Amino acid sequence: MKKIRLGINIDHVATLRNARNENFPNLITVAKLLKKINVDSITIHLREDRRHIRDKDVSELSKSNFLPLNLEMAATEEMQKICLKHKPFACCIVPERREELTTEGGLNVLAQRDYLNKFLPPILKMGIRTSLFVDPCTKQIKAAHELGANAVEIHTGKYSRLFKKKQFSSELDQIKKAAIFCNSLGMECHAGHGLTFKNVSPIASIQNIVELNIGHFIIGESISIGLKNVIKKIKNSIKK
């Protein structure tokens with residue numbers, strides 16, 4: 001059985017904390033718990049508007065080094081400076097619009113090729129594992145490879161929406177093709193967005209996907225049954 005790495009996005013722990021502008025729940029405490037549960041990494045998205053994760057969180061989680069830190073960020077000069085300052089284990093370049101509730105689709109690498117060709121090298125030179133968050137499109141993956149990215153993360157949001165309607169088979173096939181193509185280029189293939197107990201197994205069964213990143217569902221479900229139990233249950237779903 002292949003081993004799939006599991007990264008947990010803790011953005012919405014910060015959302016809850018920020019509701020009262022206090023330091024509870026505490027992100028470092030959550031990071032320690034995730035390490036005990038044998039999670040592989042922590043993901044945080046530092047947005048331009050700082051709606052959940054804040055600069056201090058990036059600093060403290062980087063210094064604590066409880067688990068490898070994956071910093072999701074937009075391709076802006078500000079975020080590049082923050083990434084180079086804190087040197088997380090990994091960064092994932094995502095599209096970002098201020099008015100969106102969550103990341104609504106993959107990065108258009110083709111349209112930003114020239115800009116990204118200047119933006120990515122300083123990060124790559126630091127040895128930071130760099131991935132681009134893309135839709136399951138071979139043209140976008142090829143462009144990411146040509147830019148020197150170490151990995152791509154496939155956006156599974158459309159698959160997750162279609163799964164609820166039981167109309168997901170075509171999108172799942174697209175993800176499979178994208179993962180195979182990614183592997184043929186020698187890049188790691190990751191996946192994430194909208195994954196749950198019910199829909200994660202078909203994604204986890206794709207041989208070329210080596211890492212899953214899950215956040216909102218896990219944090220939300222933890223209110224009912226606890227973080228440890230949620231992660232145990234999601235791991236069981238992945239193993240099926």
# chains A, B, ... in the order shown; residues from 1 in each chain; ligands from 1
$ select_by_dssp --residues "region 40-199 of chain A" --states "strand (DSSP E)" --output "ChimeraX atom specification"
/A:41-45,69-73,90-93,129-134,151-155,188-192
$ write_last_selection --atoms "N, CA and C atoms" --output "PDB file, in the first residue's frame"
ATOM      1  N   SER A  41       2.443  17.323   7.805  1.00  0.00           N
ATOM      2  CA  SER A  41       2.802  18.733   7.655  1.00  0.00           C
ATOM      3  C   SER A  41       1.624  19.616   8.034  1.00  0.00           C
ATOM      4  N   ILE A  42       1.908  20.906   8.189  1.00  0.00           N
ATOM      5  CA  ILE A  42       0.882  21.910   8.462  1.00  0.00           C
ATOM      6  C   ILE A  42       0.871  22.906   7.311  1.00  0.00           C
ATOM      7  N   THR A  43      -0.324  23.238   6.856  1.00  0.00           N
ATOM      8  CA  THR A  43      -0.480  24.244   5.812  1.00  0.00           C
ATOM      9  C   THR A  43      -1.160  25.475   6.388  1.00  0.00           C
ATOM     10  N   ILE A  44      -0.653  26.641   6.020  1.00  0.00           N
ATOM     11  CA  ILE A  44      -1.296  27.913   6.379  1.00  0.00           C
ATOM     12  C   ILE A  44      -1.314  28.812   5.151  1.00  0.00           C
ATOM     13  N   HIS A  45      -2.377  29.571   4.990  1.00  0.00           N
ATOM     14  CA  HIS A  45      -2.502  30.495   3.856  1.00  0.00           C
ATOM     15  C   HIS A  45      -2.475  31.915   4.399  1.00  0.00           C
ATOM     16  N   LEU A  69       6.361  23.079   7.547  1.00  0.00           N
ATOM     17  CA  LEU A  69       5.364  24.119   7.304  1.00  0.00           C
ATOM     18  C   LEU A  69       5.237  24.388   5.808  1.00  0.00           C
ATOM     19  N   ASN A  70       4.000  24.321   5.321  1.00  0.00           N
ATOM     20  CA  ASN A  70       3.682  24.625   3.931  1.00  0.00           C
ATOM     21  C   ASN A  70       2.942  25.954   3.900  1.00  0.00           C
ATOM     22  N   LEU A  71       3.563  26.965   3.319  1.00  0.00           N
ATOM     23  CA  LEU A  71       2.992  28.310   3.276  1.00  0.00           C
ATOM     24  C   LEU A  71       2.297  28.538   1.941  1.00  0.00           C
ATOM     25  N   GLU A  72       0.970  28.626   1.992  1.00  0.00           N
ATOM     26  CA  GLU A  72       0.217  28.999   0.790  1.00  0.00           C
ATOM     27  C   GLU A  72       0.238  30.510   0.666  1.00  0.00           C
ATOM     28  N   MET A  73       0.425  30.994  -0.565  1.00  0.00           N
ATOM     29  CA  MET A  73       0.521  32.442  -0.728  1.00  0.00           C
ATOM     30  C   MET A  73       0.305  32.827  -2.180  1.00  0.00           C
ATOM     31  N   ALA A  90       8.021  24.361   2.709  1.00  0.00           N
ATOM     32  CA  ALA A  90       7.402  24.385   1.386  1.00  0.00           C
ATOM     33  C   ALA A  90       6.546  25.630   1.234  1.00  0.00           C
ATOM     34  N   CYS A  91       6.313  26.004  -0.011  1.00  0.00           N
ATOM     35  CA  CYS A  91       5.329  27.038  -0.294  1.00  0.00           C
ATOM     36  C   CYS A  91       4.497  26.589  -1.480  1.00  0.00           C
ATOM     37  N   CYS A  92       3.249  27.004  -1.488  1.00  0.00           N
ATOM     38  CA  CYS A  92       2.341  26.674  -2.583  1.00  0.00           C
ATOM     39  C   CYS A  92       1.767  27.981  -3.113  1.00  0.00           C
ATOM     40  N   ILE A  93       1.997  28.256  -4.379  1.00  0.00           N
ATOM     41  CA  ILE A  93       1.533  29.494  -4.989  1.00  0.00           C
ATOM     42  C   ILE A  93       0.095  29.300  -5.450  1.00  0.00           C
ATOM     43  N   ARG A 129      10.624  23.809  -1.032  1.00  0.00           N
ATOM     44  CA  ARG A 129       9.846  23.006  -1.980  1.00  0.00           C
ATOM     45  C   ARG A 129       8.680  23.851  -2.487  1.00  0.00           C
ATOM     46  N   THR A 130       8.656  24.064  -3.778  1.00  0.00           N
ATOM     47  CA  THR A 130       7.695  24.993  -4.361  1.00  0.00           C
ATOM     48  C   THR A 130       6.696  24.265  -5.238  1.00  0.00           C
ATOM     49  N   SER A 131       5.417  24.470  -4.933  1.00  0.00           N
ATOM     50  CA  SER A 131       4.355  23.877  -5.742  1.00  0.00           C
ATOM     51  C   SER A 131       3.432  24.968  -6.254  1.00  0.00           C
ATOM     52  N   LEU A 132       2.747  24.672  -7.347  1.00  0.00           N
ATOM     53  CA  LEU A 132       1.755  25.587  -7.901  1.00  0.00           C
ATOM     54  C   LEU A 132       0.392  24.906  -7.825  1.00  0.00           C
ATOM     55  N   PHE A 133      -0.607  25.637  -7.375  1.00  0.00           N
ATOM     56  CA  PHE A 133      -1.962  25.118  -7.182  1.00  0.00           C
ATOM     57  C   PHE A 133      -2.729  25.277  -8.494  1.00  0.00           C
ATOM     58  N   VAL A 134      -2.983  24.180  -9.178  1.00  0.00           N
ATOM     59  CA  VAL A 134      -3.534  24.261 -10.534  1.00  0.00           C
ATOM     60  C   VAL A 134      -4.753  23.350 -10.692  1.00  0.00           C
ATOM     61  N   ALA A 151       6.596  20.665  -7.589  1.00  0.00           N
ATOM     62  CA  ALA A 151       5.349  19.906  -7.501  1.00  0.00           C
ATOM     63  C   ALA A 151       4.186  20.762  -7.989  1.00  0.00           C
ATOM     64  N   VAL A 152       3.076  20.126  -8.222  1.00  0.00           N
ATOM     65  CA  VAL A 152       1.812  20.837  -8.393  1.00  0.00           C
ATOM     66  C   VAL A 152       0.818  20.254  -7.395  1.00  0.00           C
ATOM     67  N   GLU A 153      -0.107  21.089  -6.956  1.00  0.00           N
ATOM     68  CA  GLU A 153      -1.226  20.602  -6.152  1.00  0.00           C
ATOM     69  C   GLU A 153      -2.482  20.755  -6.991  1.00  0.00           C
ATOM     70  N   ILE A 154      -3.147  19.640  -7.240  1.00  0.00           N
ATOM     71  CA  ILE A 154      -4.344  19.651  -8.063  1.00  0.00           C
ATOM     72  C   ILE A 154      -5.528  20.172  -7.250  1.00  0.00           C
ATOM     73  N   HIS A 155      -6.211  21.150  -7.796  1.00  0.00           N
ATOM     74  CA  HIS A 155      -7.397  21.710  -7.155  1.00  0.00           C
ATOM     75  C   HIS A 155      -8.556  20.732  -7.324  1.00  0.00           C
ATOM     76  N   GLU A 188       6.311  15.919  -8.176  1.00  0.00           N
ATOM     77  CA  GLU A 188       5.354  15.371  -7.230  1.00  0.00           C
ATOM     78  C   GLU A 188       3.961  15.918  -7.543  1.00  0.00           C
ATOM     79  N   CYS A 189       2.956  15.086  -7.324  1.00  0.00           N
ATOM     80  CA  CYS A 189       1.572  15.515  -7.504  1.00  0.00           C
ATOM     81  C   CYS A 189       0.861  15.467  -6.164  1.00  0.00           C
ATOM     82  N   HIS A 190       0.327  16.616  -5.739  1.00  0.00           N
ATOM     83  CA  HIS A 190      -0.450  16.728  -4.519  1.00  0.00           C
ATOM     84  C   HIS A 190      -1.890  17.055  -4.906  1.00  0.00           C
ATOM     85  N   ALA A 191      -2.794  16.997  -3.946  1.00  0.00           N
ATOM     86  CA  ALA A 191      -4.188  17.335  -4.222  1.00  0.00           C
ATOM     87  C   ALA A 191      -4.847  17.887  -2.976  1.00  0.00           C
ATOM     88  N   GLY A 192      -5.846  18.739  -3.183  1.00  0.00           N
ATOM     89  CA  GLY A 192      -6.576  19.269  -2.050  1.00  0.00           C
ATOM     90  C   GLY A 192      -7.648  20.249  -2.448  1.00  0.00           C
TER      91      GLY A 192
END
$ atom_distance --atom1 "CA of Lys142 (chain A)" --atom2 "CA of Ser170 (chain A)"
21.1 Å
$ closest_residue --among "A:Lys87, A:Val230, A:Lys139, A:Gly127" --to "Ala111 (chain A)" --atoms "only C-alpha atoms"
A:Lys139
$ select_by_dssp --residues "region 135-191 of chain A" --states "helix (DSSP H, G or I)" --output "tab-separated table (two decimals) with N, CA, C and O atoms, in the first residue's frame"
chain	number	residue	atom	x	y	z
A	138	THR	N	-3.20	19.43	-18.18
A	138	THR	CA	-1.81	19.08	-18.52
A	138	THR	C	-1.02	20.29	-19.02
A	138	THR	O	0.19	20.38	-18.77
A	139	LYS	N	-1.67	21.24	-19.69
A	139	LYS	CA	-0.96	22.42	-20.18
A	139	LYS	C	-0.46	23.27	-19.01
A	139	LYS	O	0.66	23.80	-19.06
A	140	GLN	N	-1.28	23.40	-17.97
A	140	GLN	CA	-0.86	24.17	-16.80
A	140	GLN	C	0.26	23.45	-16.06
A	140	GLN	O	1.22	24.08	-15.58
A	141	ILE	N	0.17	22.13	-15.98
A	141	ILE	CA	1.20	21.34	-15.30
A	141	ILE	C	2.52	21.42	-16.07
A	141	ILE	O	3.59	21.57	-15.47
A	142	LYS	N	2.45	21.35	-17.38
A	142	LYS	CA	3.66	21.46	-18.20
A	142	LYS	C	4.33	22.82	-17.99
A	142	LYS	O	5.55	22.92	-17.86
A	143	ALA	N	3.51	23.87	-17.93
A	143	ALA	CA	4.05	25.21	-17.71
A	143	ALA	C	4.71	25.30	-16.33
A	143	ALA	O	5.78	25.91	-16.18
A	144	ALA	N	4.10	24.69	-15.32
A	144	ALA	CA	4.68	24.67	-13.98
A	144	ALA	C	6.03	23.97	-13.99
A	144	ALA	O	7.00	24.42	-13.35
A	145	HIS	N	6.12	22.86	-14.71
A	145	HIS	CA	7.37	22.11	-14.82
A	145	HIS	C	8.45	22.95	-15.50
A	145	HIS	O	9.60	22.98	-15.06
A	146	GLU	N	8.08	23.65	-16.55
A	146	GLU	CA	9.04	24.47	-17.29
A	146	GLU	C	9.56	25.63	-16.44
A	146	GLU	O	10.66	26.14	-16.68
A	157	GLY	N	-11.60	21.10	-5.99
A	157	GLY	CA	-12.86	21.75	-5.65
A	157	GLY	C	-14.00	21.36	-6.58
A	157	GLY	O	-15.12	21.07	-6.11
A	158	LYS	N	-13.75	21.34	-7.88
A	158	LYS	CA	-14.80	20.95	-8.83
A	158	LYS	C	-15.21	19.51	-8.62
A	158	LYS	O	-16.39	19.17	-8.62
A	159	TYR	N	-14.23	18.63	-8.42
A	159	TYR	CA	-14.51	17.22	-8.14
A	159	TYR	C	-15.40	17.10	-6.90
A	159	TYR	O	-16.39	16.34	-6.90
A	160	SER	N	-15.08	17.86	-5.86
A	160	SER	CA	-15.83	17.78	-4.61
A	160	SER	C	-17.27	18.23	-4.79
A	160	SER	O	-18.20	17.63	-4.22
A	161	ARG	N	-17.47	19.28	-5.57
A	161	ARG	CA	-18.83	19.75	-5.84
A	161	ARG	C	-19.63	18.72	-6.63
A	161	ARG	O	-20.79	18.45	-6.35
A	162	LEU	N	-18.98	18.13	-7.65
A	162	LEU	CA	-19.65	17.15	-8.49
A	162	LEU	C	-19.90	15.84	-7.75
A	162	LEU	O	-20.85	15.12	-8.07
A	163	PHE	N	-19.07	15.54	-6.77
A	163	PHE	CA	-19.23	14.31	-5.99
A	163	PHE	C	-20.59	14.31	-5.29
A	163	PHE	O	-21.26	13.26	-5.21
A	164	LYS	N	-21.01	15.47	-4.80
A	164	LYS	CA	-22.29	15.57	-4.11
A	164	LYS	C	-23.46	15.24	-5.04
A	164	LYS	O	-24.50	14.76	-4.61
A	169	SER	N	-17.34	11.40	-12.16
A	169	SER	CA	-16.44	10.44	-12.82
A	169	SER	C	-15.55	11.09	-13.87
A	169	SER	O	-14.36	10.78	-13.97
A	170	SER	N	-16.11	12.01	-14.64
A	170	SER	CA	-15.32	12.68	-15.68
A	170	SER	C	-14.22	13.54	-15.07
A	170	SER	O	-13.07	13.54	-15.54
A	171	GLU	N	-14.55	14.27	-14.00
A	171	GLU	CA	-13.55	15.12	-13.34
A	171	GLU	C	-12.49	14.26	-12.66
A	171	GLU	O	-11.30	14.61	-12.67
A	172	LEU	N	-12.89	13.13	-12.09
A	172	LEU	CA	-11.93	12.22	-11.47
A	172	LEU	C	-10.96	11.69	-12.52
A	172	LEU	O	-9.75	11.58	-12.26
A	173	ASP	N	-11.46	11.38	-13.72
A	173	ASP	CA	-10.59	10.93	-14.81
A	173	ASP	C	-9.59	12.00	-15.18
A	173	ASP	O	-8.42	11.71	-15.47
A	174	GLN	N	-10.04	13.25	-15.19
A	174	GLN	CA	-9.13	14.37	-15.50
A	174	GLN	C	-8.02	14.47	-14.47
A	174	GLN	O	-6.86	14.71	-14.80
A	175	ILE	N	-8.38	14.28	-13.22
A	175	ILE	CA	-7.39	14.34	-12.14
A	175	ILE	C	-6.38	13.19	-12.28
A	175	ILE	O	-5.18	13.38	-12.09
A	176	LYS	N	-6.87	12.01	-12.61
A	176	LYS	CA	-5.99	10.85	-12.82
A	176	LYS	C	-5.00	11.13	-13.95
A	176	LYS	O	-3.79	10.89	-13.81
A	177	LYS	N	-5.49	11.65	-15.07
A	177	LYS	CA	-4.62	11.97	-16.21
A	177	LYS	C	-3.59	13.02	-15.84
A	177	LYS	O	-2.42	12.93	-16.22
A	178	ALA	N	-4.04	14.02	-15.08
A	178	ALA	CA	-3.13	15.08	-14.65
A	178	ALA	C	-2.04	14.54	-13.75
A	178	ALA	O	-0.86	14.91	-13.87
A	179	ALA	N	-2.41	13.64	-12.85
A	179	ALA	CA	-1.43	13.05	-11.91
A	179	ALA	C	-0.42	12.19	-12.65
A	179	ALA	O	0.79	12.23	-12.35
A	180	ILE	N	-0.87	11.41	-13.61
A	180	ILE	CA	0.03	10.58	-14.42
A	180	ILE	C	1.00	11.45	-15.20
A	180	ILE	O	2.21	11.19	-15.27
A	181	PHE	N	0.46	12.53	-15.80
A	181	PHE	CA	1.30	13.44	-16.59
A	181	PHE	C	2.34	14.12	-15.69
A	181	PHE	O	3.51	14.24	-16.07
A	182	CYS	N	1.90	14.55	-14.52
A	182	CYS	CA	2.80	15.18	-13.56
A	182	CYS	C	3.95	14.25	-13.22
A	182	CYS	O	5.13	14.64	-13.22
A	183	ASN	N	3.63	13.00	-12.93
A	183	ASN	CA	4.63	12.00	-12.59
A	183	ASN	C	5.60	11.76	-13.74
A	183	ASN	O	6.80	11.57	-13.53
A	184	SER	N	5.09	11.78	-14.96
A	184	SER	CA	5.95	11.55	-16.14
A	184	SER	C	6.99	12.66	-16.31
A	184	SER	O	8.03	12.44	-16.93
$ atom_distance --atom1 "CA of Asp11 (chain A)" --atom2 "CA of Ala204 (chain A)"
22.7 Å
$ closest_residue --among "A:His86, A:Lys118, A:Arg97, A:Lys166" --to "Glu60 (chain A)" --atoms "only C-alpha atoms"
A:His86
$ residues_around --residues "Asn229 (chain A)" --least-positions-apart "6" --cutoff "12 Å" --atoms "only C-alpha atoms" --output "ChimeraX atom specification"
/A:33-34,37,197,218-219,221-223,235-236
$ decode --residues "region 208-221 of chain A" --atoms "all heavy atoms" --output "tab-separated table (two decimals), in the first residue's frame"
chain	number	residue	atom	x	y	z
A	208	ASN	N	-0.47	8.15	-8.48
A	208	ASN	CA	0.56	9.17	-8.63
A	208	ASN	C	0.40	10.37	-7.69
A	208	ASN	O	1.23	11.27	-7.70
A	208	ASN	CB	0.60	9.66	-10.08
A	208	ASN	CG	0.91	8.54	-11.05
A	208	ASN	OD1	0.01	8.06	-11.76
A	208	ASN	ND2	2.14	8.09	-11.09
A	209	ILE	N	-0.65	10.38	-6.90
A	209	ILE	CA	-0.83	11.44	-5.91
A	209	ILE	C	-0.16	11.01	-4.60
A	209	ILE	O	-0.46	9.96	-4.05
A	209	ILE	CB	-2.32	11.76	-5.68
A	209	ILE	CG1	-2.89	12.42	-6.94
A	209	ILE	CG2	-2.51	12.67	-4.47
A	209	ILE	CD1	-4.37	12.75	-6.87
A	210	VAL	N	0.76	11.84	-4.12
A	210	VAL	CA	1.57	11.46	-2.95
A	210	VAL	C	1.27	12.29	-1.71
A	210	VAL	O	1.77	11.99	-0.63
A	210	VAL	CB	3.08	11.54	-3.27
A	210	VAL	CG1	3.45	10.60	-4.40
A	210	VAL	CG2	3.50	12.97	-3.61
A	211	GLU	N	0.47	13.35	-1.87
A	211	GLU	CA	0.18	14.20	-0.71
A	211	GLU	C	-1.21	14.80	-0.84
A	211	GLU	O	-1.60	15.25	-1.92
A	211	GLU	CB	1.23	15.31	-0.59
A	211	GLU	CG	1.01	16.27	0.58
A	211	GLU	CD	2.14	17.27	0.74
A	211	GLU	OE1	3.30	16.84	0.86
A	211	GLU	OE2	1.87	18.49	0.72
A	212	LEU	N	-1.93	14.81	0.28
A	212	LEU	CA	-3.24	15.47	0.34
A	212	LEU	C	-3.18	16.57	1.40
A	212	LEU	O	-2.57	16.39	2.45
A	212	LEU	CB	-4.33	14.46	0.72
A	212	LEU	CG	-4.56	13.29	-0.23
A	212	LEU	CD1	-5.62	12.36	0.34
A	212	LEU	CD2	-4.97	13.77	-1.61
A	213	ASN	N	-3.82	17.69	1.09
A	213	ASN	CA	-3.92	18.78	2.06
A	213	ASN	C	-5.40	19.08	2.31
A	213	ASN	O	-6.14	19.37	1.37
A	213	ASN	CB	-3.20	20.03	1.55
A	213	ASN	CG	-1.69	19.87	1.61
A	213	ASN	OD1	-1.12	19.82	2.70
A	213	ASN	ND2	-1.04	19.77	0.47
A	214	ILE	N	-5.81	18.96	3.56
A	214	ILE	CA	-7.21	19.10	3.94
A	214	ILE	C	-7.31	20.04	5.12
A	214	ILE	O	-6.52	19.95	6.06
A	214	ILE	CB	-7.81	17.73	4.30
A	214	ILE	CG1	-7.57	16.71	3.18
A	214	ILE	CG2	-9.31	17.85	4.58
A	214	ILE	CD1	-8.01	15.30	3.50
A	215	GLY	N	-8.29	20.95	5.08
A	215	GLY	CA	-8.38	21.94	6.15
A	215	GLY	C	-9.75	22.18	6.70
A	215	GLY	O	-10.10	21.68	7.77
A	216	HIS	N	-10.58	22.92	5.98
A	216	HIS	CA	-11.85	23.39	6.51
A	216	HIS	C	-12.72	22.26	7.05
A	216	HIS	O	-13.29	22.37	8.14
A	216	HIS	CB	-12.61	24.15	5.42
A	216	HIS	CG	-13.92	24.71	5.87
A	216	HIS	ND1	-15.11	24.06	5.66
A	216	HIS	CD2	-14.21	25.85	6.56
A	216	HIS	CE1	-16.10	24.78	6.17
A	216	HIS	NE2	-15.58	25.86	6.72
A	217	PHE	N	-12.81	21.16	6.31
A	217	PHE	CA	-13.65	20.04	6.76
A	217	PHE	C	-13.15	19.47	8.08
A	217	PHE	O	-13.94	19.21	9.00
A	217	PHE	CB	-13.68	18.94	5.69
A	217	PHE	CG	-14.40	17.70	6.14
A	217	PHE	CD1	-15.78	17.65	6.14
A	217	PHE	CD2	-13.69	16.60	6.59
A	217	PHE	CE1	-16.45	16.51	6.59
A	217	PHE	CE2	-14.35	15.46	7.03
A	217	PHE	CZ	-15.73	15.42	7.04
A	218	ILE	N	-11.84	19.28	8.18
A	218	ILE	CA	-11.28	18.69	9.39
A	218	ILE	C	-11.49	19.59	10.60
A	218	ILE	O	-11.90	19.12	11.68
A	218	ILE	CB	-9.78	18.37	9.19
A	218	ILE	CG1	-9.65	17.11	8.33
A	218	ILE	CG2	-9.06	18.20	10.52
A	218	ILE	CD1	-8.24	16.70	8.02
A	219	ILE	N	-11.25	20.88	10.45
A	219	ILE	CA	-11.42	21.80	11.58
A	219	ILE	C	-12.90	21.90	11.96
A	219	ILE	O	-13.24	21.89	13.15
A	219	ILE	CB	-10.85	23.19	11.24
A	219	ILE	CG1	-9.35	23.09	10.86
A	219	ILE	CG2	-11.05	24.15	12.40
A	219	ILE	CD1	-8.49	22.39	11.89
A	220	GLY	N	-13.78	21.94	10.97
A	220	GLY	CA	-15.20	22.01	11.25
A	220	GLY	C	-15.71	20.75	11.95
A	220	GLY	O	-16.46	20.82	12.93
A	221	GLU	N	-15.29	19.60	11.45
A	221	GLU	CA	-15.75	18.33	12.01
A	221	GLU	C	-15.20	18.12	13.42
A	221	GLU	O	-15.80	17.40	14.24
A	221	GLU	CB	-15.30	17.19	11.09
A	221	GLU	CG	-16.06	15.90	11.25
A	221	GLU	CD	-17.49	15.94	10.75
A	221	GLU	OE1	-17.87	16.94	10.10
A	221	GLU	OE2	-18.23	14.98	11.00
